Amino acid sequence: MSPDAFELTTEPLQPEAQRFAFEPGVAMDFGAPNWPSSGAKAPEEEMSGPHVGAEAPTRRPDWGAASSAPTGVSSTATFGAALPREISDLKPLGQVNNSFIVAVNGEGLWIVDQHVAHERVLFEQHLRARREGALTGQRMLAPLVLELSPRQLVTLEQIREELVANGFEVEPMGPRSVAVQAAPAGITHADTERLLMQILDGVEKEAEAISMEALQAKIAASTACHAAIKVNMPLDQKKMEWLLAELAKTEAPMSCPHGRPVVLRYSTREIEKAFKRI
């Protein structure tokens with residue numbers, strides 16, 4: 001993930017719509033396999049690339065364009081227009097490609113990106129906990145030794161206290177090397193290096209001027225992204241129900257901390273129109 005993807009949005013997504021076609025003959029895989037004990041992961045590009053309806057990760061999505069269906073039948077998928085109460089009763093039906101949860105309620109059909117949904121949940125939990133006090137990290141079985149650039153070393157010293165308060169324990173090992181002894185809870189050994197580098201590179205350009213509130217939000221956003229459920233990960237029914245329930249508890253369930261859409265909604269009326277019932 002590039003440092004630019006570290007940027008947070010300054011305002012929530014606005015309720016705008018874009019036309020999407022219901023194309024005939026497209027099959028959906030609604031299997032609900034068991035939760036994998038090995039913690040399966042998607043390739044990095046799948047995890048960090050643009051999500052459904054998104055432009056580049058740091059750009060505000062443009063939902064204004066319209067496209068007509070080949071058959072003349074289309075439906076409106078609404079991005080970012082719902083409130084938490086509107087998704088509080090979602091019932092998951094299954095997954096598409098083990099990446100997107102398909103759910104229903106009285107409002108219509110919903111498609112939820114499981115990675116960014118969990119990212120939103122973890123971001124708010126992490127940020128709230130950090131602002132209530134320091135977080136405890138998880139110690140590694142063996143220290144992770146990293147070599148940093150001179151600029152990364154400077155940034156590390158500038159934000160060291162905040163890194164410690166977020167669960168990191170990083171000790172100098174030499175002129176350019178550091179040893180990571182602990183990382184935020186939920187971050188795997190394999191993800192720790194990427195997470196630390198992303199934080200250092202993301203705040204490097206503004207380390208001298210960045211506010212403590214913004215720094216805490218940036219670290220929380222990056223940590224949540226690396227700890228969240230990945231795409232291409234099968235979820236059983238209970239896991240999907242839990243995730244949707246937790247998403248409904250968040251303050252901004254329609255977008256992730258980086259501004260990507262979390263859900264698409266196809267209203268009941270638009271579905272009826274697509275099938276020519278009204």
# chains A, B, ... in the order shown; residues from 1 in each chain; ligands from 1
$ select_by_dssp --residues "region 57-231 of chain A" --states "helix (DSSP H, G or I)" --output "ChimeraX atom specification"
/A:84-87,114-132,150-165,189-204,212-227
$ closest_residue --among "A:His126, A:Gly202, A:Asn166, A:Gln95" --to "Asp113 (chain A)" --atoms "only C-alpha atoms"
A:Gln95
$ closest_residue --among "A:Ala274, A:Leu247, A:Leu195, A:Leu264" --to "Val121 (chain A)" --atoms "only C-alpha atoms"
A:Leu247
$ atom_distance --atom1 "CA of Met240 (chain A)" --atom2 "CA of Leu122 (chain A)"
15.3 Å
$ closest_residue --among "A:Lys249, A:His115, A:His258, A:Arg128" --to "Ile87 (chain A)" --atoms "only C-alpha atoms"
A:Lys249
$ residues_around --residues "Ala228 (chain A)" --least-positions-apart "3" --cutoff "6 Å" --atoms "only C-alpha atoms" --output "JSON, numbers by chain"
{"A": [115, 118, 119, 224, 225]}
$ residues_around --residues "Ala179 (chain A)" --least-positions-apart "4" --cutoff "10 Å" --atoms "only C-alpha atoms" --output "ChimeraX atom specification"
/A:142-147,169-174
$ residues_around --residues "Leu163 (chain A)" --least-positions-apart "6" --cutoff "12 Å" --atoms "only C-alpha atoms" --output "PyMOL selection string"
chain A and resi 130+134-137+155-157+169-171+180+182-184+195-196+199-200+212+215-216+218-220+223
$ write_last_selection --atoms "C-alpha atoms" --output "mmCIF file, in the first residue's frame"
data_model
loop_
_atom_site.group_PDB
_atom_site.id
_atom_site.type_symbol
_atom_site.label_atom_id
_atom_site.label_comp_id
_atom_site.auth_asym_id
_atom_site.auth_seq_id
_atom_site.Cartn_x
_atom_site.Cartn_y
_atom_site.Cartn_z
ATOM 1 C CA ARG A 130 -6.447 4.969 22.502
ATOM 2 C CA ALA A 134 -2.472 3.632 26.194
ATOM 3 C CA LEU A 135 -3.039 0.316 24.417
ATOM 4 C CA THR A 136 -1.248 -2.915 25.233
ATOM 5 C CA GLY A 137 0.578 -4.581 22.355
ATOM 6 C CA THR A 155 10.217 10.144 12.068
ATOM 7 C CA LEU A 156 10.432 7.165 14.419
ATOM 8 C CA GLU A 157 12.025 9.318 17.111
ATOM 9 C CA GLU A 169 7.819 -1.597 21.178
ATOM 10 C CA VAL A 170 10.745 -0.610 18.933
ATOM 11 C CA GLU A 171 14.341 -0.576 20.156
ATOM 12 C CA VAL A 180 10.383 -4.553 16.897
ATOM 13 C CA ALA A 182 5.850 -5.880 20.185
ATOM 14 C CA ALA A 183 3.089 -4.751 17.815
ATOM 15 C CA PRO A 184 -0.578 -3.730 18.163
ATOM 16 C CA LEU A 195 2.361 -1.558 9.107
ATOM 17 C CA LEU A 196 5.318 0.198 10.716
ATOM 18 C CA ILE A 199 3.004 4.654 9.474
ATOM 19 C CA LEU A 200 6.523 6.091 9.219
ATOM 20 C CA MET A 212 -1.734 14.534 18.162
ATOM 21 C CA LEU A 215 -1.512 11.234 14.388
ATOM 22 C CA GLN A 216 -3.695 8.992 16.532
ATOM 23 C CA LYS A 218 -3.626 7.877 11.147
ATOM 24 C CA ILE A 219 -2.122 5.117 13.285
ATOM 25 C CA ALA A 220 -5.577 3.760 14.108
ATOM 26 C CA THR A 223 -3.596 -0.581 12.135
#
